[in-house]
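Shown next, in structure tokens, is the structure this report addresses.
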Amino acid sequence: MDSSNNQGQDSETRMTEAEFQQQWHEDKAVYDAWGSLVVSTILDELTKAGKINDSFLKIPAKHRLKEDQSLIDKAFYRPGKTYSDPYNDIEDKVGARFVVLLVEDIRLISEIINQSEIWSFDACKHFDEDKEREPLLFTYQSVHFVLRPKKAITIVDCTITTDTPCEVQIRTLLQHAHAELTHDAIYKAKRAVEPKVHRTVAKSMALIETTDDFFTEVTQQLNQGPVEEFGILSRLDALYFSYTGIKPQTQKSILTILDEFEDLVDETLIDSIETYINKNPAVAEIIKAKFSEGAIYKQSTVLLLYWLLKRKKQKLLERWPFDRSMLIPLANDIGVSTRDDN
């Protein structure tokens with residue numbers, strides 16, 4: 001059969017605009033339920049990974065249904081693009097976007113998507129692969145996945161079938177800013193875009209990629225040191241919980257304290273603190289009794305401070321980064337003085 005007959009058959013079997021819109025109105029609730037489940041599942045996994053979503057994600061993650069007119073325009077009126085089956089070929093009828101600070105954060109969300117048993121996925125676009133194929137090309141960067149349920153899922157009155165797609169985009173904040181600025185102006189342009197504009201956009205993308213690399217390098221350098229190497233924060237939290245039965249509340253102040261006494265941090269520190277607590281079991285009881293009296297008793301830092309007061313008091317007093325009066329109740333708890341030793 002020749003191509004002209006194929007084209008004629010395609011035009012006869014292809015959905016009309018009215019049929020397309022009617023189908024979309026019938027399916028909206030299903031797509032809405034699927035988008036909501038995708039976002040909540042990824043957010044739950046980020047929480048399990050220890051990421052506080054309102055700080056890890058730079059823009060709140062939520063799903064979004066494509067607006068009716070936008071969907072119709074994409075299906076029937078996009079220049080240079082003809083779908084043979086527009087309703088099923090368009091995979092972003094519902095989508096979600098995750099915006100993070102660093103490229104390595106993109107990889108964490110990608111791993112969550114890769115490892116989920118809920119959906120199958122197609123990796124539509126990945127800038128690492130793009131860079132391998134065309135190392136001298138700087139273009140629009142983002143990681144895109146299209147997720148479909150591995151098996152039908154029923155939520156309330158909606159049955160989400162295995163052919164229901166949800167597009168997930170993962171970007172850094174800089175990539176997102178670039179996309180917001182250029183996407184509508186270039187990708188959806190109604191007239192030809194001058195080569196000079198494309199070149200300027202490519203240059204800005206090169207700058208963004210370089211800046212993303214710098215951000216990652218700075219973060220890695222900031223996160224290198226004995227505190228990170230020996231897992232002091234997590235081990236101190238675990239020690240606090242094991243002796244008090246209370247989950248500690250981590251505050252930024254602990255980082256200031258650990259930075260100030262970083263020279264005392266080594267692989268034996270936590271063991272030394274644990275030995276001290278074992279020899280002084282009243283410490284755990286004091287923390288539980290005074291838990292509601294001040295923030296310091298709610299943090300695992302308190303164990304370190306008791307140990308410093310007992311074992312390294314002079315260094316603690318000399319280098320304490322806050323008001324010394326904060327140490328007085330803790331010193332009284334264990335029967336030591338906060339006066340300088342002569």
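Convention: chains lettered A, B, ... in structure tokens order; per-chain residue numbering from 1; ligands numbered from 1 as shown.
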Would you list the contacts of range 289-303 of chain A as number ranges by chain, taking every protein, DNA or RNA residue within 12 Å and counting only C-alpha atoms, but skipping same-chain residues closer than 6 positions in sequence? A: 232-258, 269-278, 280-283, 309-310, 326-331, 333-334
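Residues in contact with Ser110 in chain A at up to 9 Å, not including ones fewer than 6 positions away on its chain and judged by only C-alpha atoms, are A:Val143, A:Phe145, A:Ile170.
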Atoms to include: N, CA and C atoms. Write the selected residues as a PDB file, in the first residue's frame.
ATOM      1  N   VAL A 143      16.469  16.048  33.303  1.00  0.00           N
ATOM      2  CA  VAL A 143      16.254  14.606  33.250  1.00  0.00           C
ATOM      3  C   VAL A 143      14.751  14.372  33.203  1.00  0.00           C
ATOM      4  N   PHE A 145      11.626  11.485  32.834  1.00  0.00           N
ATOM      5  CA  PHE A 145      11.154  10.106  32.851  1.00  0.00           C
ATOM      6  C   PHE A 145       9.666  10.099  32.515  1.00  0.00           C
ATOM      7  N   ILE A 170      13.325  16.375  36.335  1.00  0.00           N
ATOM      8  CA  ILE A 170      14.192  16.658  37.479  1.00  0.00           C
ATOM      9  C   ILE A 170      15.259  17.633  37.004  1.00  0.00           C
TER      10      ILE A 170
END
Subject >> strand (DSSP E or B) per DSSP on the backbone: members of range 79-313 of chain A, as a PyMOL selection string >> reply: chain A and resi 94-100+119-125+143-149+153-155+158-160+166-172
Could you write those residues out with N, CA and C atoms, as a short mmCIF file (atom, residue, chain, number, x, y, z; two decimals), in the first residue's frame?
data_model
loop_
_atom_site.label_atom_id
_atom_site.label_comp_id
_atom_site.auth_asym_id
_atom_site.auth_seq_id
_atom_site.Cartn_x
_atom_site.Cartn_y
_atom_site.Cartn_z
N VAL A 94 -0.22 14.54 32.26
CA VAL A 94 0.03 14.91 33.66
C VAL A 94 1.54 14.86 33.86
N GLY A 95 2.05 15.80 34.62
CA GLY A 95 3.49 15.85 34.84
C GLY A 95 3.82 16.34 36.23
N ALA A 96 5.05 16.10 36.63
CA ALA A 96 5.55 16.57 37.92
C ALA A 96 6.97 17.03 37.73
N ARG A 97 7.37 18.00 38.53
CA ARG A 97 8.71 18.56 38.41
C ARG A 97 9.37 18.60 39.79
N PHE A 98 10.62 18.15 39.84
CA PHE A 98 11.40 18.20 41.07
C PHE A 98 12.62 19.08 40.80
N VAL A 99 12.73 20.16 41.57
CA VAL A 99 13.81 21.13 41.40
C VAL A 99 14.71 21.07 42.62
N VAL A 100 15.99 20.77 42.39
CA VAL A 100 16.96 20.59 43.47
C VAL A 100 18.13 21.56 43.27
N TRP A 119 6.17 1.39 39.30
CA TRP A 119 6.04 1.77 37.90
C TRP A 119 7.17 1.21 37.04
N SER A 120 6.88 1.17 35.75
CA SER A 120 7.93 1.01 34.75
C SER A 120 8.24 2.41 34.24
N PHE A 121 9.40 2.57 33.61
CA PHE A 121 9.76 3.93 33.20
C PHE A 121 10.55 3.92 31.90
N ASP A 122 10.41 5.03 31.20
CA ASP A 122 11.25 5.33 30.05
C ASP A 122 12.03 6.58 30.41
N ALA A 123 13.36 6.52 30.25
CA ALA A 123 14.19 7.71 30.46
C ALA A 123 14.24 8.47 29.15
N CYS A 124 13.41 9.52 29.04
CA CYS A 124 13.25 10.23 27.77
C CYS A 124 14.45 11.09 27.45
N LYS A 125 15.02 11.69 28.48
CA LYS A 125 16.12 12.62 28.23
C LYS A 125 17.02 12.63 29.45
N VAL A 143 16.47 16.05 33.30
CA VAL A 143 16.25 14.61 33.25
C VAL A 143 14.75 14.37 33.20
N HIS A 144 14.32 13.65 32.19
CA HIS A 144 12.89 13.37 32.02
C HIS A 144 12.65 11.87 32.10
N PHE A 145 11.63 11.48 32.83
CA PHE A 145 11.15 10.11 32.85
C PHE A 145 9.67 10.10 32.51
N VAL A 146 9.21 9.05 31.88
CA VAL A 146 7.77 8.81 31.73
C VAL A 146 7.47 7.53 32.50
N LEU A 147 6.61 7.64 33.49
CA LEU A 147 6.29 6.52 34.39
C LEU A 147 4.90 5.99 34.10
N ARG A 148 4.79 4.66 34.06
CA ARG A 148 3.49 4.00 33.90
C ARG A 148 3.37 2.91 34.96
N PRO A 149 2.18 2.69 35.51
CA PRO A 149 2.04 1.64 36.53
C PRO A 149 2.42 0.27 35.98
N ILE A 153 -3.86 0.07 39.13
CA ILE A 153 -3.99 0.54 40.51
C ILE A 153 -5.35 1.23 40.64
N THR A 154 -6.09 0.86 41.69
CA THR A 154 -7.38 1.51 41.93
C THR A 154 -7.26 2.42 43.14
N ILE A 155 -7.58 3.69 42.95
CA ILE A 155 -7.59 4.69 44.02
C ILE A 155 -8.95 5.32 44.06
N CYS A 158 -11.06 5.57 40.88
CA CYS A 158 -10.24 5.64 39.67
C CYS A 158 -9.38 4.39 39.51
N THR A 159 -9.43 3.79 38.36
CA THR A 159 -8.53 2.69 38.04
C THR A 159 -7.48 3.21 37.07
N ILE A 160 -6.23 3.18 37.54
CA ILE A 160 -5.11 3.68 36.74
C ILE A 160 -4.53 2.49 36.00
N CYS A 166 2.89 9.39 33.17
CA CYS A 166 3.13 10.63 33.92
C CYS A 166 4.57 11.03 33.64
N GLU A 167 4.77 12.25 33.16
CA GLU A 167 6.12 12.72 32.89
C GLU A 167 6.70 13.36 34.15
N VAL A 168 7.91 12.96 34.51
CA VAL A 168 8.62 13.53 35.65
C VAL A 168 9.87 14.23 35.14
N GLN A 169 10.02 15.51 35.48
CA GLN A 169 11.23 16.27 35.14
C GLN A 169 12.02 16.51 36.43
N ILE A 170 13.33 16.37 36.33
CA ILE A 170 14.19 16.66 37.48
C ILE A 170 15.26 17.63 37.00
N ARG A 171 15.37 18.76 37.69
CA ARG A 171 16.30 19.80 37.28
C ARG A 171 17.00 20.39 38.50
N THR A 172 18.16 20.99 38.24
CA THR A 172 18.73 21.87 39.26
C THR A 172 18.03 23.21 39.18
#
Ala177 in chain A proximity check over A:Met205, A:Ile286, A:Ile42, A:Val197, using only C-alpha atoms: winner is A:Met205
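Atom pair CA of Leu102 in chain A / CA of Phe214 in chain A: separated by 9.7 Å.
Between CA of Val336 in chain A and CA of Lys313 in chain A the separation is 9.1 Å.
Among A:Ser142, A:Pro321, A:Ala61, A:Val156, the residue with the shortest atom-to-atom distance to Val103 in chain A, counting only C-alpha atoms, is A:Ser142.
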